[in-house]
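Undergrad: What follows is the file target-v3.tsv, containing TSV, C-alpha atoms (C1' of nucleotides):
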```tsv
chain	number	residue	atom	x	y	z
A	8	MET	CA	126.81	76.02	107.19
A	9	GLU	CA	127.85	77.14	110.58
A	10	ILE	CA	125.79	77.62	113.64
A	11	GLU	CA	126.29	81.02	115.12
A	12	ASP	CA	125.90	80.78	118.80
A	13	LEU	CA	124.49	83.69	120.71
A	14	THR	CA	122.07	84.48	117.92
A	15	ILE	CA	118.49	84.47	118.98
A	16	CYS	CA	115.50	83.90	116.78
A	17	LYS	CA	113.13	86.83	116.95
A	18	GLU	CA	110.14	84.56	116.85
A	19	CYS	CA	110.85	81.72	119.24
A	20	LYS	CA	113.60	83.32	121.33
A	21	ILE	CA	115.76	80.24	121.38
A	22	VAL	CA	119.46	80.89	121.59
A	23	GLY	CA	121.71	79.45	118.95
A	24	THR	CA	119.09	78.49	116.43
A	25	VAL	CA	119.86	80.96	113.72
A	26	GLN	CA	122.14	79.84	110.96
A	27	ASP	CA	123.15	81.01	107.55
A	28	ASN	CA	121.73	79.18	104.61
A	29	GLU	CA	123.37	79.12	101.26
A	30	HIS	CA	121.49	82.14	100.02
A	31	GLY	CA	122.91	84.50	102.56
A	32	GLU	CA	119.69	84.65	104.52
A	33	ARG	CA	119.80	83.92	108.19
A	34	GLU	CA	117.18	81.46	109.08
A	35	CYS	CA	115.92	79.98	112.33
A	36	MET	CA	116.38	76.22	112.44
A	37	ASP	CA	113.43	75.86	114.72
A	38	CYS	CA	110.65	77.86	113.14
A	39	GLY	CA	112.13	78.71	109.75
A	40	LEU	CA	111.68	82.43	110.18
A	41	ILE	CA	114.10	84.39	108.11
A	42	GLN	CA	115.73	87.00	110.24
A	43	ASP	CA	115.08	90.16	108.33
A	44	ASP	CA	117.96	92.19	109.55
A	45	ILE	CA	120.71	93.03	107.15
A	46	ALA	CA	122.83	90.10	106.16
A	47	ILE	CA	126.32	90.59	107.50
A	48	ASP	CA	129.27	88.46	106.57
A	49	PRO	CA	130.69	87.52	109.95
A	50	GLY	CA	133.81	85.99	108.48
A	51	LYS	CA	137.20	87.46	109.15
A	52	ASP	CA	138.76	89.43	106.36
A	53	VAL	CA	141.84	87.31	106.26
A	54	ARG	CA	143.33	86.81	102.88
A	55	SER	CA	146.29	87.82	100.83
A	56	PHE	CA	146.22	90.91	98.70
A	57	GLU	CA	149.70	90.44	97.32
A	58	GLY	CA	151.29	87.04	97.38
A	59	GLY	CA	148.21	84.93	96.89
A	60	ASP	CA	149.09	82.37	99.52
A	61	GLY	CA	147.30	84.09	102.32
A	62	ALA	CA	150.33	83.87	104.54
A	63	ASP	CA	150.98	87.53	105.01
A	64	ARG	CA	147.46	88.26	106.23
A	65	GLU	CA	147.49	91.82	105.17
A	66	HIS	CA	144.54	93.79	106.30
A	67	THR	CA	144.68	97.17	104.74
A	68	GLY	CA	142.16	99.13	102.79
A	69	MET	CA	138.82	97.98	101.65
A	70	PRO	CA	138.38	95.04	99.32
A	71	ARG	CA	138.00	95.75	95.65
A	72	SER	CA	134.32	96.07	94.95
A	73	HIS	CA	132.17	96.40	91.87
A	74	LEU	CA	129.75	98.34	93.98
A	75	VAL	CA	131.86	101.45	94.00
A	76	HIS	CA	132.15	103.27	90.75
A	77	ASP	CA	135.95	103.30	90.79
A	78	TYR	CA	136.21	99.88	92.43
A	79	GLY	CA	137.20	101.58	95.65
A	80	LEU	CA	140.62	102.38	94.34
A	81	SER	CA	140.62	106.14	94.70
A	82	THR	CA	142.22	108.00	97.54
A	83	ASP	CA	141.25	110.81	99.80
A	84	ILE	CA	143.17	113.74	101.13
A	85	GLY	CA	142.78	113.98	104.85
A	86	TRP	CA	140.41	116.62	106.11
A	87	GLN	CA	142.29	117.67	109.20
A	88	ASN	CA	144.62	120.54	108.45
A	89	LYS	CA	147.53	118.92	110.20
A	90	ASP	CA	150.93	117.95	108.93
A	91	HIS	CA	152.55	114.56	109.30
A	92	ALA	CA	153.48	115.26	112.87
A	93	GLY	CA	150.03	116.49	113.81
A	94	ALA	CA	150.94	120.12	113.99
A	95	PRO	CA	148.41	122.53	112.49
A	96	LEU	CA	149.17	123.91	109.07
A	97	SER	CA	149.78	127.53	108.46
A	98	LYS	CA	146.88	129.63	107.16
A	99	ASN	CA	148.31	129.69	103.67
A	100	TYR	CA	148.90	125.96	103.53
A	101	ALA	CA	145.44	125.25	104.88
A	102	LYS	CA	144.01	127.27	102.03
A	103	ILE	CA	146.08	125.40	99.48
A	104	MET	CA	145.05	122.07	100.90
A	105	ARG	CA	141.39	123.01	100.74
A	106	ARG	CA	141.75	123.77	97.06
A	107	LEU	CA	143.71	120.61	96.43
A	108	ARG	CA	141.12	118.58	98.20
A	109	ARG	CA	138.35	119.94	96.08
A	110	GLN	CA	140.20	119.35	92.85
A	111	HIS	CA	141.14	115.90	93.97
A	112	GLN	CA	137.53	115.06	94.65
A	113	ARG	CA	136.60	116.22	91.20
A	114	THR	CA	139.03	113.87	89.56
A	115	ARG	CA	137.18	110.93	91.06
A	116	ILE	CA	134.21	111.51	88.85
A	117	ARG	CA	135.58	112.07	85.43
A	118	ASN	CA	132.87	111.85	82.85
A	119	ALA	CA	129.25	111.09	82.14
A	120	THR	CA	129.73	107.35	82.40
A	121	GLU	CA	131.17	107.60	85.86
A	122	ARG	CA	128.46	109.97	86.95
A	123	ASN	CA	125.98	107.44	85.65
A	124	LEU	CA	127.69	104.69	87.61
A	125	VAL	CA	127.66	106.70	90.80
A	126	MET	CA	123.92	107.20	90.47
A	127	ALA	CA	123.21	103.65	89.48
A	128	LEU	CA	125.31	102.00	92.13
A	129	GLY	CA	123.75	104.22	94.76
A	130	GLU	CA	120.35	103.09	93.62
A	131	LEU	CA	121.57	99.51	93.57
A	132	GLN	CA	122.68	99.73	97.17
A	133	ARG	CA	119.42	101.32	98.18
A	134	LEU	CA	117.41	98.56	96.55
A	135	GLY	CA	119.71	95.87	97.84
A	136	SER	CA	119.53	96.95	101.43
A	137	ARG	CA	115.79	97.51	101.37
A	138	MET	CA	115.36	93.96	100.17
A	139	ASN	CA	118.05	92.57	102.46
A	140	LEU	CA	119.99	91.07	99.63
A	141	PRO	CA	123.38	89.64	100.47
A	142	ASN	CA	126.46	91.37	99.16
A	143	GLY	CA	127.32	88.67	96.67
A	144	ILE	CA	124.13	89.30	94.78
A	145	ARG	CA	124.69	93.04	94.83
A	146	GLU	CA	128.16	92.56	93.42
A	147	GLU	CA	126.78	90.31	90.73
A	148	ALA	CA	124.18	92.92	89.86
A	149	ALA	CA	126.83	95.61	89.71
A	150	VAL	CA	128.86	93.55	87.27
A	151	ILE	CA	125.81	93.05	85.08
A	152	TYR	CA	125.00	96.72	85.18
A	153	ARG	CA	128.52	97.66	84.17
A	154	LYS	CA	128.28	95.34	81.20
A	155	ALA	CA	124.97	96.90	80.28
A	156	VAL	CA	126.56	100.34	80.32
A	157	GLU	CA	129.39	99.14	78.13
A	158	LYS	CA	126.94	97.89	75.56
A	159	LYS	CA	125.04	101.16	75.70
A	160	LEU	CA	121.89	99.44	76.85
A	161	VAL	CA	120.94	102.23	79.20
A	162	ARG	CA	120.15	104.52	76.31
A	163	GLY	CA	116.44	105.01	76.08
A	164	ARG	CA	115.88	103.31	79.38
A	165	SER	CA	115.86	104.63	82.89
A	166	ILE	CA	118.82	103.98	85.12
A	167	GLU	CA	116.48	102.68	87.77
A	168	GLY	CA	114.94	100.21	85.40
A	169	VAL	CA	118.27	98.80	84.31
A	170	VAL	CA	119.44	98.61	87.90
A	171	ALA	CA	116.31	96.75	88.93
A	172	ALA	CA	116.64	94.40	85.99
A	173	SER	CA	120.29	93.72	86.81
A	174	LEU	CA	119.34	92.93	90.36
A	175	TYR	CA	116.58	90.65	89.23
A	176	ALA	CA	119.00	88.81	86.98
A	177	ALA	CA	121.60	88.57	89.73
A	178	CYS	CA	119.08	87.07	92.12
A	179	ARG	CA	118.15	84.42	89.61
A	180	ILE	CA	121.71	83.61	88.69
A	181	ARG	CA	122.54	83.12	92.34
A	182	GLY	CA	119.60	80.73	92.76
A	183	ASN	CA	117.82	83.08	95.10
A	184	PRO	CA	115.12	84.40	92.84
A	185	ARG	CA	112.76	87.25	93.61
A	186	THR	CA	109.62	87.85	91.67
A	187	LEU	CA	109.36	90.84	89.40
A	188	ASP	CA	106.68	92.12	91.73
A	189	GLU	CA	108.95	91.99	94.75
A	190	ILE	CA	111.54	94.13	93.04
A	191	GLY	CA	108.98	96.40	91.48
A	192	LEU	CA	107.62	97.07	94.93
A	193	HIS	CA	110.84	98.76	95.99
A	194	SER	CA	111.86	100.29	92.70
A	195	ARG	CA	110.20	103.27	91.15
A	196	THR	CA	109.99	101.26	87.96
A	197	GLY	CA	107.10	98.88	87.60
A	198	ARG	CA	107.14	95.15	87.18
A	199	LYS	CA	106.44	95.39	83.48
A	200	GLU	CA	109.35	97.59	82.61
A	201	ILE	CA	111.74	95.61	84.77
A	202	GLY	CA	110.72	92.45	82.98
A	203	ARG	CA	111.16	94.03	79.59
A	204	THR	CA	114.58	95.48	80.27
A	205	PHE	CA	115.61	92.27	81.94
A	206	ARG	CA	114.84	90.32	78.82
A	207	SER	CA	116.69	92.65	76.50
A	208	ILE	CA	119.68	92.79	78.83
A	209	VAL	CA	119.87	89.02	78.93
A	210	LYS	CA	119.61	88.82	75.21
A	211	GLU	CA	122.10	91.55	74.36
A	212	LEU	CA	124.63	90.50	76.94
A	213	GLY	CA	124.26	86.81	76.34
A	214	ILE	CA	124.15	86.16	80.07
A	215	PRO	CA	123.27	82.55	80.74
A	216	VAL	CA	120.31	82.79	83.11
A	217	LYS	CA	118.42	79.60	83.48
A	218	PRO	CA	114.70	79.61	84.16
A	219	ALA	CA	114.13	80.27	87.82
A	220	SER	CA	113.74	77.10	89.80
A	221	PRO	CA	110.64	76.98	91.99
A	222	GLU	CA	112.72	75.70	94.85
A	223	GLY	CA	114.39	79.02	95.33
A	224	TYR	CA	111.11	80.65	96.27
A	225	ILE	CA	110.10	78.16	98.94
A	226	PRO	CA	112.11	79.49	101.89
A	227	ARG	CA	110.82	83.01	101.59
A	228	PHE	CA	107.23	81.99	100.96
A	229	CYS	CA	107.30	79.73	104.01
A	230	SER	CA	108.90	82.42	106.07
A	231	SER	CA	106.40	85.11	105.27
A	232	LEU	CA	103.60	82.65	106.01
A	233	HIS	CA	105.19	81.80	109.38
A	234	LEU	CA	105.51	78.18	108.45
A	235	LYS	CA	107.99	76.04	110.28
A	236	ASN	CA	110.95	74.22	108.87
A	237	ASN	CA	109.21	70.88	108.57
A	238	VAL	CA	106.76	72.44	106.13
A	239	GLU	CA	109.58	73.94	104.19
A	240	SER	CA	111.43	70.69	103.75
A	241	ALA	CA	108.20	68.86	102.97
A	242	ALA	CA	107.46	71.39	100.26
A	243	ARG	CA	110.95	70.83	98.90
A	244	THR	CA	110.63	67.07	98.60
A	245	LEU	CA	107.17	67.38	97.08
A	246	LEU	CA	108.55	69.79	94.57
A	247	GLN	CA	111.43	67.55	93.65
A	248	LYS	CA	109.13	64.61	93.11
A	249	ALA	CA	106.83	66.71	90.99
A	250	ALA	CA	109.73	68.01	88.97
A	251	GLN	CA	110.72	64.48	88.05
A	252	GLN	CA	107.44	64.12	86.20
A	253	GLN	CA	107.96	67.15	84.00
A	254	LEU	CA	105.32	69.02	85.91
A	255	THR	CA	107.45	72.09	86.00
A	256	ALA	CA	107.67	72.49	82.25
A	257	GLY	CA	106.25	75.67	80.88
A	258	ARG	CA	104.61	76.74	84.09
A	259	GLY	CA	105.43	79.78	86.11
A	260	PRO	CA	107.82	78.72	88.85
A	261	THR	CA	106.12	80.84	91.48
A	262	GLY	CA	102.84	79.05	90.95
A	263	ILE	CA	104.46	75.66	91.41
A	264	ALA	CA	106.31	76.79	94.51
A	265	ALA	CA	103.13	78.26	95.93
A	266	ALA	CA	101.19	75.05	95.37
A	267	SER	CA	103.93	72.97	96.97
A	268	VAL	CA	103.92	75.20	100.02
A	269	TYR	CA	100.15	75.10	100.20
A	270	LEU	CA	100.12	71.32	99.94
A	271	ALA	CA	102.93	70.94	102.45
A	272	SER	CA	101.18	73.20	104.93
A	273	ARG	CA	98.13	70.97	104.83
A	274	ILE	CA	100.11	67.76	105.10
A	275	GLU	CA	102.06	69.00	108.07
A	276	GLY	CA	98.94	70.03	109.93
A	277	THR	CA	99.53	73.77	109.82
A	278	PRO	CA	97.29	74.65	106.90
A	279	ARG	CA	97.28	78.01	105.24
A	280	THR	CA	94.41	79.17	103.06
A	281	GLN	CA	94.82	79.53	99.35
A	282	ARG	CA	94.32	83.22	99.79
A	283	GLU	CA	97.18	83.55	102.26
A	284	VAL	CA	99.54	81.60	100.05
A	285	SER	CA	98.47	83.53	97.01
A	286	VAL	CA	99.37	86.89	98.47
A	287	ALA	CA	102.68	85.58	99.79
A	288	ALA	CA	103.60	84.14	96.42
A	289	GLY	CA	102.09	86.82	94.23
A	290	VAL	CA	99.92	84.49	92.19
A	291	THR	CA	96.18	84.01	92.15
A	292	GLU	CA	94.25	81.34	93.92
A	293	VAL	CA	93.22	79.86	90.61
A	294	THR	CA	96.81	79.17	89.71
A	295	ILE	CA	97.44	77.57	93.08
A	296	ARG	CA	94.40	75.37	92.63
A	297	ASN	CA	95.48	74.25	89.18
A	298	ARG	CA	99.03	73.44	90.22
A	299	TYR	CA	97.71	71.81	93.37
A	300	LYS	CA	95.52	69.50	91.37
A	301	GLU	CA	98.32	68.61	89.00
A	302	ILE	CA	100.78	67.87	91.76
A	303	CYS	CA	98.27	65.75	93.64
A	304	LYS	CA	97.45	63.75	90.57
A	305	ALA	CA	101.08	63.18	89.66
A	306	LEU	CA	102.07	62.09	93.15
A	307	GLU	CA	98.87	60.16	93.81
A	308	ILE	CA	97.85	62.26	96.75
A	309	ASP	CA	94.28	62.61	97.88
A	310	PRO	CA	93.51	66.31	97.49
A	311	GLU	CA	90.92	66.17	100.25
A	312	ASN	CA	93.10	64.51	102.83
A	313	PRO	CA	96.70	64.88	101.70
A	314	LYS	CA	99.42	62.67	103.13
A	315	MET	CA	103.10	62.51	102.39
A	316	PRO	CA	103.66	60.05	99.52
B	253	DA	C1'	101.75	90.93	63.75
B	254	DT	C1'	100.31	86.11	64.90
B	255	DG	C1'	99.12	82.14	67.22
B	256	DG	C1'	99.62	79.11	71.10
B	257	DT	C1'	100.12	78.83	75.94
B	258	DT	C1'	99.65	80.27	80.71
B	259	DT	C1'	97.86	83.41	84.14
B	260	DT	C1'	94.50	86.58	85.75
B	261	DT	C1'	90.01	88.42	86.27
B	262	DA	C1'	85.38	87.96	87.38
B	263	DC	C1'	81.60	85.38	88.63
B	264	DT	C1'	78.87	81.41	90.39
B	265	DG	C1'	77.67	77.58	93.38
B	266	DC	C1'	78.49	74.67	97.41
B	267	DG	C1'	79.38	73.53	102.14
B	268	DT	C1'	80.61	75.02	106.87
B	269	DC	C1'	81.25	77.71	110.93
C	64	DG	C1'	76.14	85.94	106.16
C	65	DA	C1'	81.08	85.50	105.77
C	66	DC	C1'	84.52	82.48	104.46
C	67	DG	C1'	87.13	78.90	102.18
C	68	DC	C1'	87.16	76.27	98.19
C	69	DG	C1'	86.21	74.41	93.42
C	70	DG	C1'	84.97	75.35	88.85
C	71	DT	C1'	84.45	78.03	84.42
C	72	DA	C1'	84.81	81.38	80.58
C	73	DA	C1'	86.75	85.22	78.77
C	74	DA	C1'	90.46	88.66	78.94
C	75	DA	C1'	95.18	89.63	79.46
C	76	DA	C1'	99.93	88.64	79.49
C	77	DC	C1'	103.61	86.14	77.74
C	78	DC	C1'	106.65	84.03	74.28
C	79	DA	C1'	108.41	82.18	70.06
C	80	DT	C1'	107.89	82.67	65.37
```
Is it possible to give me this structure as structure tokens?

TA:
Amino acid sequence: MEIEDLTICKECKIVGTVQDNEHGERECMDCGLIQDDIAIDPGKDVRSFEGGDGADREHTGMPRSHLVHDYGLSTDIGWQNKDHAGAPLSKNYAKIMRRLRRQHQRTRIRNATERNLVMALGELQRLGSRMNLPNGIREEAAVIYRKAVEKKLVRGRSIEGVVAASLYAACRIRGNPRTLDEIGLHSRTGRKEIGRTFRSIVKELGIPVKPASPEGYIPRFCSSLHLKNNVESAARTLLQKAAQQQLTAGRGPTGIAAASVYLASRIEGTPRTQREVSVAAGVTEVTIRNRYKEICKALEIDPENPKMP
DNA sequence: ATGGTTTTTACTGCGTC
DNA sequence: GACGCGGTAAAAACCAT
């Protein structure tokens, strides 16, 4: 974690309060608001492409990426009709180069699989940037999608659905889970289909995805409810204590996270209504109430007048 | 398909502002 | 009266078998 100076929180306008958290979201230390601009890796691109010791500090070309259908390894023929010295080409040569360029472009997309990948990865980038997902997650999703293509899992399913499911899986693997609803909101495929394809992908590919931990949802729930950092950390500790008593078993993680946030907001004196929390978390008030009761009972908290245990 | 579990839906009653 | 909250029963969704 590194404090980036000169970054200003949109909400409280305090300089130097925004820092990266481990999920690639940039968060204000003061009010907990997640800065919703696109996550940018500010680090220098200093590493070795050849020797492996990092000493040469080469800096040429773009890094190899799963997000480009050919891993970013293809080349381009320059578009300016100039020779190596910058002099314009003759009419004949210009014509030849135009033809060459076109043919060269065509070789980049060879077959149906690659065409598929171009489409899918475009969709993946669209989804990823609309949801402000960090690049690591997008890469992870791209890897999953490629495996899905290899195993012919796209047959009978829409590309968009498989992309959305890959992204959902990637988010969970990276401990930064989104709900199916959140992804379904931005994808043309609905929550149901994403869930279904997700499950079959996981099964067929044997990807080890653990059940989503409720903790991963807390930062975003708090942020969209405009709750400050103290509430967020309170919700975390409550959650951890509840988890020790097997309260998390079998229950939907979003419901537990929502109840923790609700409880924490009351304890910290900035209460949110059940309704508000329910829309932020995408669960119903009933679920929040039930989890709330269970957590209170397990931690011996008075539901009427909750205090930190 | 089936059965067990959790979540949602829909509705009702209570207290307060 | 609108709103927040608590409760309930039945429907729906989910998951393993």

Undergrad: Show me, as a ChimeraX atom specification, every residue of chain A with an atom at most 9 Å from chain B, counting all atoms listed in the file.

TA: /A:257-259,290-291,293-294

Undergrad: Would you mind listing, as a PyMOL selection string, all residues of chain C that have at least one atom within 12 Å of chain A, where all atoms listed in the file are what counts?

TA: chain C and resi 66-71+76-78

Undergrad: Just the selected residues (C-alpha atoms (C1' of nucleotides)), exported as a short mmCIF file (atom, residue, chain, number, x, y, z; two decimals), in the frame of the given file, please.

TA:
```cif
data_model
loop_
_atom_site.label_atom_id
_atom_site.label_comp_id
_atom_site.auth_asym_id
_atom_site.auth_seq_id
_atom_site.Cartn_x
_atom_site.Cartn_y
_atom_site.Cartn_z
"C1'" DC C 66 84.52 82.48 104.46
"C1'" DG C 67 87.13 78.90 102.18
"C1'" DC C 68 87.16 76.27 98.19
"C1'" DG C 69 86.21 74.41 93.42
"C1'" DG C 70 84.97 75.35 88.85
"C1'" DT C 71 84.45 78.03 84.42
"C1'" DA C 76 99.93 88.64 79.49
"C1'" DC C 77 103.61 86.14 77.74
"C1'" DC C 78 106.65 84.03 74.28
#
```

Undergrad: With all atoms listed in the file as the counted atoms, please give the residues lying no more than 12 Å from segment 86-100 of chain A, apart from itself and same-chain residues fewer than 5 positions off, as an MDAnalysis selection string.

TA: chainID A and resid 105:109 112

Undergrad: Using C-alpha atoms, can you write the selected residues to a file as a PDB file, keeping the file's coordinate frame?

TA:
```pdb
ATOM      1  CA  ARG A 105     141.390 123.010 100.740  1.00  0.00           C
ATOM      2  CA  ARG A 106     141.750 123.770  97.060  1.00  0.00           C
ATOM      3  CA  LEU A 107     143.710 120.610  96.430  1.00  0.00           C
ATOM      4  CA  ARG A 108     141.120 118.580  98.200  1.00  0.00           C
ATOM      5  CA  ARG A 109     138.350 119.940  96.080  1.00  0.00           C
ATOM      6  CA  GLN A 112     137.530 115.060  94.650  1.00  0.00           C
TER       7      GLN A 112
END
```

Undergrad: Go through A:Thr277, A:Thr114, A:Gly163, A:Asn297 and flag the residue nearest Thr82 of chain A, using only C-alpha atoms for the distances.

TA: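 Counting only C-alpha atoms, the residue closest to Thr82 of chain A is A:Thr114.
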
Undergrad: Report the distance between atom CA of Lys300 of chain A and atom CA of Pro221 of chain A in Å, rounded to one decimal place.

TA: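 If I compute the distance from atom CA of Lys300 of chain A to atom CA of Pro221 of chain A, I get 16.9 Å.
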
Undergrad: Could you tell me how far atom CA of Glu167 of chain A lies from atom CA of Ala155 of chain A, in Å and to one decimal?

TA: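 Atom CA of Glu167 of chain A sits 12.7 Å away from atom CA of Ala155 of chain A.
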
Undergrad: Have a look at atom CA of Gly143 of chain A and atom CA of Val170 of chain A and let me know their distance in Å, one decimal.

TA: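 Interatomic distance, atom CA of Gly143 of chain A to atom CA of Val170 of chain A: 15.4 Å.
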